[in-house]
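Structure file final07.cif (mmCIF, C-alpha atoms) follows.
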```
data_start
#
loop_
_atom_site.label_atom_id
_atom_site.label_comp_id
_atom_site.auth_asym_id
_atom_site.auth_seq_id
_atom_site.Cartn_x
_atom_site.Cartn_y
_atom_site.Cartn_z
CA MET A 1 -20.10 -2.33 2.07
CA LYS A 2 -16.32 -2.70 2.37
CA LYS A 3 -14.84 -2.51 5.85
CA ILE A 4 -11.59 -0.55 6.13
CA ILE A 5 -9.37 -0.07 9.16
CA PHE A 6 -6.64 2.58 9.29
CA PHE A 7 -4.00 2.23 11.99
CA ILE A 8 -1.82 5.18 13.03
CA ASN A 9 0.07 6.26 16.17
CA ASP A 10 -2.30 9.15 16.98
CA LEU A 11 -4.21 11.97 15.33
CA GLY A 12 -1.84 14.80 16.23
CA GLY A 13 -1.34 18.01 14.29
CA GLY A 14 0.92 16.63 11.57
CA GLY A 15 0.35 16.47 7.83
CA ALA A 16 -0.04 12.68 7.68
CA GLU A 17 -2.63 12.74 10.45
CA ARG A 18 -4.59 15.50 8.74
CA ALA A 19 -4.36 13.65 5.41
CA LEU A 20 -5.77 10.52 7.05
CA VAL A 21 -8.74 12.41 8.47
CA ASN A 22 -9.46 13.96 5.05
CA LEU A 23 -9.24 10.58 3.31
CA ALA A 24 -11.28 8.70 5.93
CA ASN A 25 -14.02 11.34 5.92
CA GLN A 26 -14.29 11.14 2.14
CA LEU A 27 -14.41 7.33 2.14
CA SER A 28 -17.14 7.37 4.78
CA GLU A 29 -19.21 9.57 2.46
CA ARG A 30 -18.73 7.01 -0.32
CA GLU A 31 -20.46 4.22 1.63
CA PHE A 32 -17.34 2.56 3.04
CA ASP A 33 -17.41 1.29 6.63
CA VAL A 34 -14.36 3.10 8.06
CA THR A 35 -12.56 2.56 11.36
CA ILE A 36 -9.57 4.57 12.53
CA LYS A 37 -7.61 2.93 15.32
CA VAL A 38 -4.84 4.83 17.09
CA LEU A 39 -2.20 3.58 19.47
CA PHE A 40 -2.61 6.63 21.71
CA ASP A 41 -5.80 8.64 22.22
CA THR A 42 -4.16 12.03 21.64
CA GLY A 43 -4.21 14.65 18.91
CA ILE A 44 -6.16 17.67 17.75
CA ASN A 45 -7.24 16.11 14.46
CA LYS A 46 -9.67 13.62 15.96
CA ILE A 47 -12.23 16.41 16.42
CA HIS A 48 -12.49 16.64 12.62
CA LEU A 49 -13.55 13.03 12.11
CA SER A 50 -16.96 12.45 10.54
CA PRO A 51 -19.53 10.94 12.94
CA LYS A 52 -19.79 8.08 10.43
CA ILE A 53 -16.25 6.94 11.28
CA LYS A 54 -15.59 4.51 14.12
CA TYR A 55 -12.76 5.84 16.27
CA GLU A 56 -10.92 3.44 18.58
CA PHE A 57 -7.77 3.68 20.67
CA VAL A 58 -5.49 1.22 22.45
CA PHE A 59 -3.97 3.41 25.19
CA SER A 60 -5.33 6.67 26.60
CA LYS A 61 -1.91 8.34 26.52
CA VAL A 62 1.75 7.81 25.65
CA PHE A 63 3.70 5.96 28.31
CA LYS A 64 7.40 5.59 28.96
CA GLY A 65 8.97 2.61 27.23
CA SER A 66 6.17 2.15 24.69
CA SER A 67 8.55 2.39 21.71
CA LEU A 68 10.88 -0.28 23.08
CA LEU A 69 7.99 -2.52 24.07
CA SER A 70 6.49 -2.36 20.59
CA LYS A 71 9.86 -3.39 19.11
CA ILE A 72 10.16 -6.40 21.40
CA ILE A 73 6.67 -7.87 20.96
CA PRO A 74 6.22 -9.90 17.73
CA ALA A 75 4.02 -8.38 15.02
CA LYS A 76 1.44 -11.19 15.09
CA LEU A 77 0.99 -10.82 18.85
CA LEU A 78 0.57 -7.04 18.52
CA TYR A 79 -2.01 -7.56 15.79
CA TRP A 80 -3.89 -10.15 17.87
CA PHE A 81 -3.95 -7.79 20.82
CA PHE A 82 -4.95 -4.61 18.90
CA ILE A 83 -7.20 -5.73 16.01
CA LYS A 84 -10.35 -7.55 17.13
CA GLU A 85 -12.46 -7.63 13.95
CA ASN A 86 -12.07 -8.76 10.35
CA TYR A 87 -11.73 -6.08 7.67
CA ASP A 88 -11.65 -6.12 3.88
CA ILE A 89 -8.81 -3.58 3.76
CA GLU A 90 -6.20 -3.04 6.50
CA VAL A 91 -4.06 0.09 6.24
CA ALA A 92 -0.92 1.11 8.11
CA PHE A 93 -1.03 4.83 7.42
CA LEU A 94 2.38 5.66 8.89
CA GLU A 95 5.79 4.05 8.86
CA GLY A 96 7.06 2.46 12.09
CA ILE A 97 4.87 0.76 14.68
CA ALA A 98 1.68 1.02 12.59
CA THR A 99 3.46 -0.78 9.75
CA LYS A 100 4.68 -3.49 12.12
CA ILE A 101 1.23 -4.10 13.63
CA ILE A 102 -0.69 -4.50 10.37
CA SER A 103 2.13 -6.65 8.93
CA GLY A 104 1.21 -9.18 11.63
CA SER A 105 -2.31 -9.58 10.24
CA THR A 106 -3.69 -13.12 10.35
CA ASN A 107 -6.61 -12.16 8.09
CA LYS A 108 -5.86 -14.06 4.88
CA HIS A 109 -8.73 -12.40 3.00
CA SER A 110 -7.86 -8.73 3.64
CA HIS A 111 -6.01 -6.44 1.27
CA LYS A 112 -3.14 -4.73 3.09
CA PHE A 113 -1.79 -1.24 2.32
CA ALA A 114 1.17 0.56 3.90
CA TRP A 115 1.85 4.28 3.50
CA VAL A 116 5.25 5.99 3.54
CA HIS A 117 5.02 9.66 4.48
CA THR A 118 8.69 10.46 4.93
CA GLU A 119 11.99 10.30 3.11
CA PHE A 120 14.16 7.46 4.46
CA LYS A 121 17.50 9.27 4.33
CA SER A 122 19.23 6.61 6.41
CA LYS A 123 18.95 2.99 7.45
CA LYS A 124 18.08 4.19 10.96
CA LEU A 125 15.03 6.04 9.64
CA PHE A 126 13.97 3.11 7.46
CA LYS A 127 13.95 0.67 10.39
CA THR A 128 12.01 2.98 12.73
CA GLY A 129 9.82 0.72 14.87
CA PHE A 130 12.01 -2.32 14.23
CA PHE A 131 15.29 -3.61 15.67
CA THR A 132 16.84 -4.36 12.29
CA LYS A 133 16.56 -3.44 8.63
CA LYS A 134 15.76 -7.11 7.88
CA GLU A 135 12.73 -6.98 10.20
CA ALA A 136 11.45 -3.84 8.44
CA ILE A 137 11.83 -5.44 5.00
CA GLN A 138 10.01 -8.59 6.18
CA ALA A 139 7.15 -6.44 7.48
CA TYR A 140 6.78 -4.42 4.27
CA SER A 141 6.87 -7.62 2.19
CA LYS A 142 3.59 -8.71 3.84
CA TYR A 143 1.67 -5.84 2.19
CA ASN A 144 -0.20 -6.09 -1.09
CA ASN A 145 0.68 -2.46 -1.87
CA VAL A 146 3.05 0.11 -0.41
CA PHE A 147 2.28 3.73 -1.30
CA SER A 148 4.73 6.63 -1.02
CA VAL A 149 3.51 10.23 -1.07
CA SER A 150 6.28 11.62 -3.33
CA GLU A 151 8.86 10.53 -5.88
CA GLU A 152 11.79 11.03 -3.50
CA ALA A 153 10.04 9.14 -0.69
CA ASN A 154 9.26 6.37 -3.18
CA ASN A 155 12.85 6.16 -4.41
CA MET A 156 14.32 6.01 -0.89
CA TYR A 157 11.83 3.35 0.21
CA GLU A 158 12.72 1.18 -2.79
CA PHE A 159 16.45 1.77 -2.18
CA TRP A 160 16.37 0.54 1.44
CA SER A 161 13.75 -2.18 1.07
CA GLY A 162 14.55 -3.59 -2.35
CA LEU A 163 10.77 -3.75 -2.82
CA LYS A 164 8.48 -1.96 -5.24
CA SER A 165 6.06 0.77 -4.26
CA GLU A 166 3.71 3.22 -5.96
CA ILE A 167 3.19 6.96 -5.63
CA ARG A 168 -0.13 8.12 -4.22
CA ARG A 169 -0.52 11.71 -3.04
CA ASN A 170 -2.40 12.58 0.12
CA TYR A 171 -6.08 13.44 -0.18
CA VAL A 172 -6.58 17.23 -0.40
CA GLU A 173 -9.67 18.72 1.24
CA PHE A 174 -10.78 21.78 -0.73
CA LYS A 175 -13.79 22.86 1.35
CA ASN A 176 -12.01 25.20 3.79
CA LEU A 177 -9.78 26.52 1.01
CA ASN A 178 -12.80 27.47 -1.09
CA ASP A 179 -14.88 28.93 1.74
CA LEU A 180 -12.50 31.58 3.04
CA PRO A 181 -14.07 34.76 4.45
CA ALA A 182 -13.54 38.07 2.69
CA GLU A 183 -10.09 39.62 2.97
CA ASP A 184 -9.55 41.43 6.27
CA ASP A 185 -6.32 43.19 7.15
CA ASP A 186 -7.09 43.59 10.86
CA ASP A 187 -4.57 40.88 11.74
CA PHE A 188 -1.75 42.83 10.07
CA PRO A 189 -2.54 46.54 10.53
CA ASP A 190 1.04 47.65 9.77
CA THR A 191 2.19 48.32 6.24
CA ASP A 192 5.93 48.39 6.92
CA ASN A 193 6.49 44.67 7.44
CA ILE A 194 6.54 41.80 4.98
CA HIS A 195 4.53 38.96 6.50
CA ILE A 196 5.74 35.39 6.09
CA VAL A 197 4.08 32.16 7.22
CA THR A 198 5.11 28.60 8.03
CA VAL A 199 2.93 25.77 9.30
CA GLY A 200 4.01 22.62 11.08
CA ARG A 201 4.60 20.79 14.32
CA LEU A 202 7.32 22.29 16.52
CA ILE A 203 9.64 19.31 16.24
CA PRO A 204 13.35 19.06 15.29
CA VAL A 205 12.84 17.83 11.71
CA LYS A 206 10.98 21.04 10.77
CA GLY A 207 14.16 23.10 11.17
CA TYR A 208 12.62 25.98 13.13
CA GLU A 209 15.72 26.52 15.27
CA ARG A 210 17.86 27.20 12.22
CA LEU A 211 15.07 29.37 10.82
CA LEU A 212 15.23 31.54 13.95
CA LYS A 213 19.01 31.83 13.59
CA VAL A 214 18.47 33.05 10.04
CA VAL A 215 15.88 35.57 11.27
CA SER A 216 18.46 36.86 13.77
CA ASN A 217 20.95 37.41 10.94
CA LEU A 218 18.41 39.23 8.74
CA LYS A 219 16.47 41.32 11.26
CA SER A 220 18.68 44.39 10.85
CA GLU A 221 18.38 44.30 7.04
CA PHE A 222 14.62 43.95 6.50
CA ASN A 223 11.25 44.69 8.08
CA PHE A 224 9.45 41.37 8.29
CA ILE A 225 7.47 39.10 10.60
CA ILE A 226 7.40 35.30 10.44
CA HIS A 227 4.20 33.68 11.67
CA ILE A 228 4.78 30.11 12.90
CA LEU A 229 1.57 28.08 13.14
CA GLY A 230 1.82 24.87 15.12
CA GLU A 231 2.49 23.21 18.47
CA GLY A 232 5.01 20.63 19.61
CA GLU A 233 7.82 19.50 21.85
CA LYS A 234 10.25 22.28 20.83
CA ARG A 235 8.01 25.18 21.80
CA SER A 236 9.84 26.10 25.02
CA GLN A 237 13.25 25.94 23.31
CA LEU A 238 11.99 28.13 20.49
CA GLU A 239 10.56 30.63 22.98
CA ASP A 240 13.91 30.72 24.77
CA LEU A 241 15.74 31.30 21.48
CA ILE A 242 13.35 34.11 20.54
CA ASP A 243 14.04 35.79 23.90
CA LYS A 244 17.77 35.19 23.75
CA LYS A 245 18.15 36.65 20.26
CA ARG A 246 15.53 39.37 20.82
CA LEU A 247 13.31 38.26 17.97
CA GLY A 248 9.99 39.16 19.58
CA SER A 249 9.19 41.79 16.95
CA HIS A 250 10.08 39.43 14.08
CA VAL A 251 8.62 36.06 15.08
CA VAL A 252 5.15 35.11 16.36
CA LEU A 253 4.42 31.61 17.68
CA HIS A 254 0.66 31.39 17.11
CA GLY A 255 0.19 27.80 18.25
CA TYR A 256 -2.14 25.45 16.42
CA ILE A 257 -4.70 27.35 14.31
CA ASP A 258 -7.46 25.44 12.56
CA PRO A 259 -8.08 26.24 9.83
CA PRO A 260 -5.02 28.43 9.19
CA TYR A 261 -5.94 29.58 5.71
CA SER A 262 -7.25 33.10 6.38
CA LEU A 263 -3.99 34.04 8.11
CA MET A 264 -1.90 32.27 5.49
CA LYS A 265 -3.55 34.10 2.62
CA LYS A 266 -2.57 37.48 4.06
CA CYS A 267 1.14 36.61 3.92
CA SER A 268 3.53 37.44 1.09
CA PHE A 269 5.17 34.03 1.00
CA TYR A 270 5.45 30.67 2.72
CA ILE A 271 8.65 29.16 4.18
CA CYS A 272 9.46 25.50 4.64
CA SER A 273 12.71 25.12 6.62
CA SER A 274 12.51 21.33 7.06
CA TYR A 275 15.44 18.95 7.10
CA ARG A 276 13.20 16.17 5.83
CA GLU A 277 9.66 15.84 4.46
CA GLY A 278 7.44 13.36 2.67
CA TYR A 279 4.96 15.51 0.81
CA ASN A 280 4.30 18.75 2.66
CA THR A 281 0.55 19.37 2.80
CA ALA A 282 0.93 22.95 4.03
CA VAL A 283 3.12 23.81 1.02
CA LEU A 284 0.45 22.40 -1.29
CA GLU A 285 -2.26 24.37 0.50
CA SER A 286 -0.16 27.53 0.16
CA LEU A 287 0.01 27.02 -3.59
CA LEU A 288 -3.74 26.43 -3.76
CA LEU A 289 -4.15 29.75 -1.93
CA GLY A 290 -1.87 31.43 -4.49
CA ILE A 291 1.05 31.98 -2.08
CA PRO A 292 4.65 31.67 -3.40
CA VAL A 293 6.87 29.20 -1.53
CA LEU A 294 10.49 29.26 -0.41
CA THR A 295 11.68 25.83 0.69
CA THR A 296 14.72 23.78 1.49
CA ASN A 297 15.31 20.91 -0.92
CA CYS A 298 13.49 17.98 0.64
CA SER A 299 11.20 15.23 -0.56
CA GLY A 300 8.25 16.30 -2.69
CA MET A 301 9.27 19.90 -3.31
CA ASN A 302 10.31 19.53 -6.95
CA GLU A 303 6.95 17.90 -7.66
CA LEU A 304 4.95 20.47 -5.73
CA LEU A 305 6.72 23.50 -7.15
CA GLU A 306 7.18 22.03 -10.63
CA THR A 307 10.97 22.18 -10.28
CA GLY A 308 10.99 25.80 -9.16
CA GLU A 309 8.25 27.28 -11.36
CA MET A 310 6.02 28.21 -8.42
CA GLY A 311 8.62 28.92 -5.77
CA LEU A 312 12.29 28.86 -4.84
CA ILE A 313 13.99 25.62 -3.80
CA VAL A 314 17.32 26.11 -2.01
CA GLU A 315 19.95 23.69 -0.73
CA ASN A 316 19.09 22.07 2.57
CA SER A 317 21.42 24.15 4.72
CA GLU A 318 21.20 27.14 7.02
CA ASN A 319 23.29 29.34 4.73
CA ALA A 320 21.20 28.52 1.65
CA LEU A 321 18.01 29.12 3.61
CA GLU A 322 19.30 32.55 4.66
CA GLU A 323 20.23 33.52 1.12
CA GLY A 324 16.88 32.36 -0.19
CA ILE A 325 14.94 34.40 2.36
CA ARG A 326 17.15 37.41 1.63
CA GLU A 327 16.36 37.04 -2.09
CA PHE A 328 12.61 36.82 -1.44
CA LEU A 329 12.62 39.77 0.96
CA SER A 330 14.68 41.88 -1.45
CA SER A 331 12.56 41.34 -4.55
CA GLU A 332 8.84 41.98 -4.66
CA SER A 333 8.98 41.38 -8.41
CA LEU A 334 10.30 37.85 -7.81
CA ARG A 335 7.44 37.09 -5.41
CA LEU A 336 4.91 38.49 -7.88
CA GLN A 337 6.37 36.42 -10.71
CA TYR A 338 5.96 33.22 -8.72
CA LYS A 339 2.44 34.31 -7.78
CA SER A 340 1.63 34.83 -11.45
CA ASN A 341 3.03 31.40 -12.33
CA ILE A 342 0.83 29.78 -9.67
CA LYS A 343 -2.26 31.56 -10.99
CA LYS A 344 -1.66 30.17 -14.47
CA ARG A 345 -1.79 26.57 -13.20
CA ASN A 346 -5.11 24.84 -12.79
CA LEU A 347 -4.07 23.32 -9.47
CA PHE A 348 -7.54 22.58 -8.14
CA GLU A 349 -8.38 20.48 -11.20
CA LYS A 350 -5.03 18.66 -10.98
CA TYR A 351 -5.45 17.66 -7.34
CA GLU A 352 -9.13 16.79 -7.69
CA LYS A 353 -8.05 14.17 -10.26
CA GLU A 354 -5.38 12.88 -7.86
CA ASN A 355 -8.01 12.66 -5.11
CA GLU A 356 -10.13 10.39 -7.32
CA THR A 357 -7.13 8.26 -8.19
CA LEU A 358 -6.54 7.75 -4.48
CA ILE A 359 -10.17 6.87 -3.71
CA ASN A 360 -10.20 4.32 -6.53
CA ILE A 361 -7.61 2.06 -4.85
CA PHE A 362 -10.16 1.23 -2.16
CA LYS A 363 -12.93 0.21 -4.56
#
```

Rewritten as structure tokens:
Amino acid sequence: MKKIIFFINDLGGGGAERALVNLANQLSEREFDVTIKVLFDTGINKIHLSPKIKYEFVFSKVFKGSSLLSKIIPAKLLYWFFIKENYDIEVAFLEGIATKIISGSTNKHSHKFAWVHTEFKSKKLFKTGFFTKKEAIQAYSKYNNVFSVSEEANNMYEFWSGLKSEIRRNYVEFKNLNDLPAEDDDDFPDTDNIHIVTVGRLIPVKGYERLLKVVSNLKSEFNFIIHILGEGEKRSQLEDLIDKKRLGSHVVLHGYIDPPYSLMKKCSFYICSSYREGYNTAVLESLLLGIPVLTTNCSGMNELLETGEMGLIVENSENALEEGIREFLSSESLRLQYKSNIKKRNLFEKYEKENETLINIFK
């Protein structure tokens, strides 16, 4: 039985964390000995881990100065301190500190994988967790394989590192998508509003502040409600902005809902307002639920939406986002056309094949 260790910062409510839980659970069902080790024992997703998975943590919570400390300490010393057993496969499942730690592995017999879940739009982003770009490149060069979750993420990694990588999509869990309860409109009793949904952590990169500014500009033109599903550091600022711009009847902050699919399926379309992505799992899940998508142009969207066949991709700006939402709100026929296009695709079969491709790299 192969022993695998995945290292990640925590198991918070993000897409990469959820993808890791899905992948680890599936591997544990395939007779792999799986350990997930986190730097900090925080995050909602750990409750979804299979009992077969060994869960370990280094620190009980985030502490001030941890990012700087991890940059200063050499990779081999971090590895020696954090990893106490020998494994057949060692995986850094997130860029940054996880990548640095596993790059310090002294296990000459292990196969080492690193995952890139974001689009390195700048040198600063590429060297996250390291003092210099050179340090980051040296760390990535220690891996047998580096996997990026989308074409754009792959291209930007290769641009900054000068190293080769491969594309491997995140593992998609179909169980909750297939086992939805019967349709129930109790959540949305009104018939006047168009209901829109977005899912993600409340952090700057998701672009929710600019989304609320767009809502403020459109609220007098259309009857609509945006349902934001997620938690994060920007919640209080978003609440203040909703109060300041009097958006209470147009925006609902639901917090973290798990699973979110029943609410999502009742909505007319999905919005992604992100500045940057890797491969947005919530967008993929929306498509699997048959929901049209409106998104800013960020990594993975052309692949997910088949270059605009299953949703609208707009420039990554506030003005373009506003015009895109206006177009979607104005035209039911446009939304229905995208919905029809989605229905014609055999998406479940496509992503089941990609799931197997992913599992095979561990065999």

Check your understanding: For the file shown, what are the residues hit by the PyMOL selection byres ((chain A and resi 267-277) around 8), laid out as a VMD selection string?
Key -> chain A and resid 117 to 119 194 to 198 205 to 208 210 to 211 263 to 266 278 to 280 283 286 291 to 296 298 to 300 316 321 335

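Those residues that approach Lys219 in chain A to within 10 Å, counting all atoms listed in the file, are Ile225, Arg246, Leu247, Ser249 and His250 of chain A; same-chain residues fewer than 6 positions away are not listed.
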
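Under the PyMOL selection byres ((chain A and resi 83) around 10), the matching residues in the shown file are Ile5, Phe7, Lys37, Val58, Leu78, Tyr79, Trp80, Phe81, Phe82, Lys84, Glu85, Asn86, Tyr87, Glu90, Ile101, Ile102, Ser105 and Thr106 of chain A.
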
Show me the residues around (-11.8, -15.0, 3.9) - criterion: an atom at most 10 Å away, all atoms listed in the file counted - as a compact mmCIF listing (two decimals) with C-alpha atoms, keeping the file's coordinate frame.
```txt
# COMPACT_ATOMS: atom_id res chain seq x y z
CA ASN A 86 -12.07 -8.76 10.35
CA TYR A 87 -11.73 -6.08 7.67
CA ASP A 88 -11.65 -6.12 3.88
CA ASN A 107 -6.61 -12.16 8.09
CA LYS A 108 -5.86 -14.06 4.88
CA HIS A 109 -8.73 -12.40 3.00
CA SER A 110 -7.86 -8.73 3.64
```

Practice item. Name all residues at most 10 Å from His48 in chain A (count only C-alpha atoms; drop same-chain ones fewer than 3 positions away) and give them as JSON, numbers by chain. Key: {"A": [11, 18, 21, 22, 25, 44, 45, 51]}

Point to revise | Hits of the PyMOL selection byres ((chain A and resi 97) around 12) in this structure, as a VMD selection string | key: chain A and resid 7 to 10 38 to 40 66 to 75 78 to 79 82 92 to 96 98 to 104 114 126 to 131 135 to 136 139 to 140

Practice item. Give as a PyMOL selection string the set of residues within 6 Å of the point (-0.1, 22.6, 18.0), where distances use the file's coordinates and only C-alpha atoms. Key: chain A and resi 230-232+255-256

Check your understanding: What is the distance between CA of Leu20 in chain A and CA of Val172 in chain A, in Å to one decimal?
Key ->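 Taking CA of Leu20 in chain A as the start and CA of Val172 in chain A as the end point, the length is 10.1 Å.
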
Exercise for review: Select, from A:Pro259, A:Glu322, A:Met310, A:Asn297, the residue with the minimum atom-to-atom distance to Leu212 in chain A, counting all atoms listed in the file.
Suggested key: A:Glu322

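Rounded to one decimal, CA of Phe120 in chain A and CA of Val149 in chain A lie 12.3 Å from each other.
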
Exercise for review: Could you check which of A:Phe147, A:Arg345, A:Leu229, A:Phe32 is closest to Pro260 in chain A, using all atoms listed in the file?
Suggested key: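 With all atoms listed in the file as the atom set, the closest residue is A:Leu229.
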
Check your understanding: Using all atoms listed in the file, which residue out of A:Ser50, A:Asn360, A:Ser331, A:Asn341 lies closest to Gly311 in chain A?
Key -> A:Asn341

Exercise for review: May I ask which of the residues A:Ile342, A:Leu312, A:Ala19, A:Ala24 is the closest one to Lys3 in chain A, counting all atoms listed in the file?
Suggested key: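 The answer is A:Ala24, which sits nearest to Lys3 in chain A.
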
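In this model, the gap between CA of Ile228 in chain A and CA of Glu209 in chain A comes to 11.8 Å.
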
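Ranking A:Asn193, A:Ser262, A:Thr281, A:Asn302 by their shortest atom-to-atom distance to Glu152 in chain A, with only C-alpha atoms included, puts A:Asn302 first.
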
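Compared by their closest atoms to Gly15 in chain A, and using only C-alpha atoms, the residues A:Asn355, A:Thr35, A:Thr307, A:Asn170 rank with A:Asn170 nearest.
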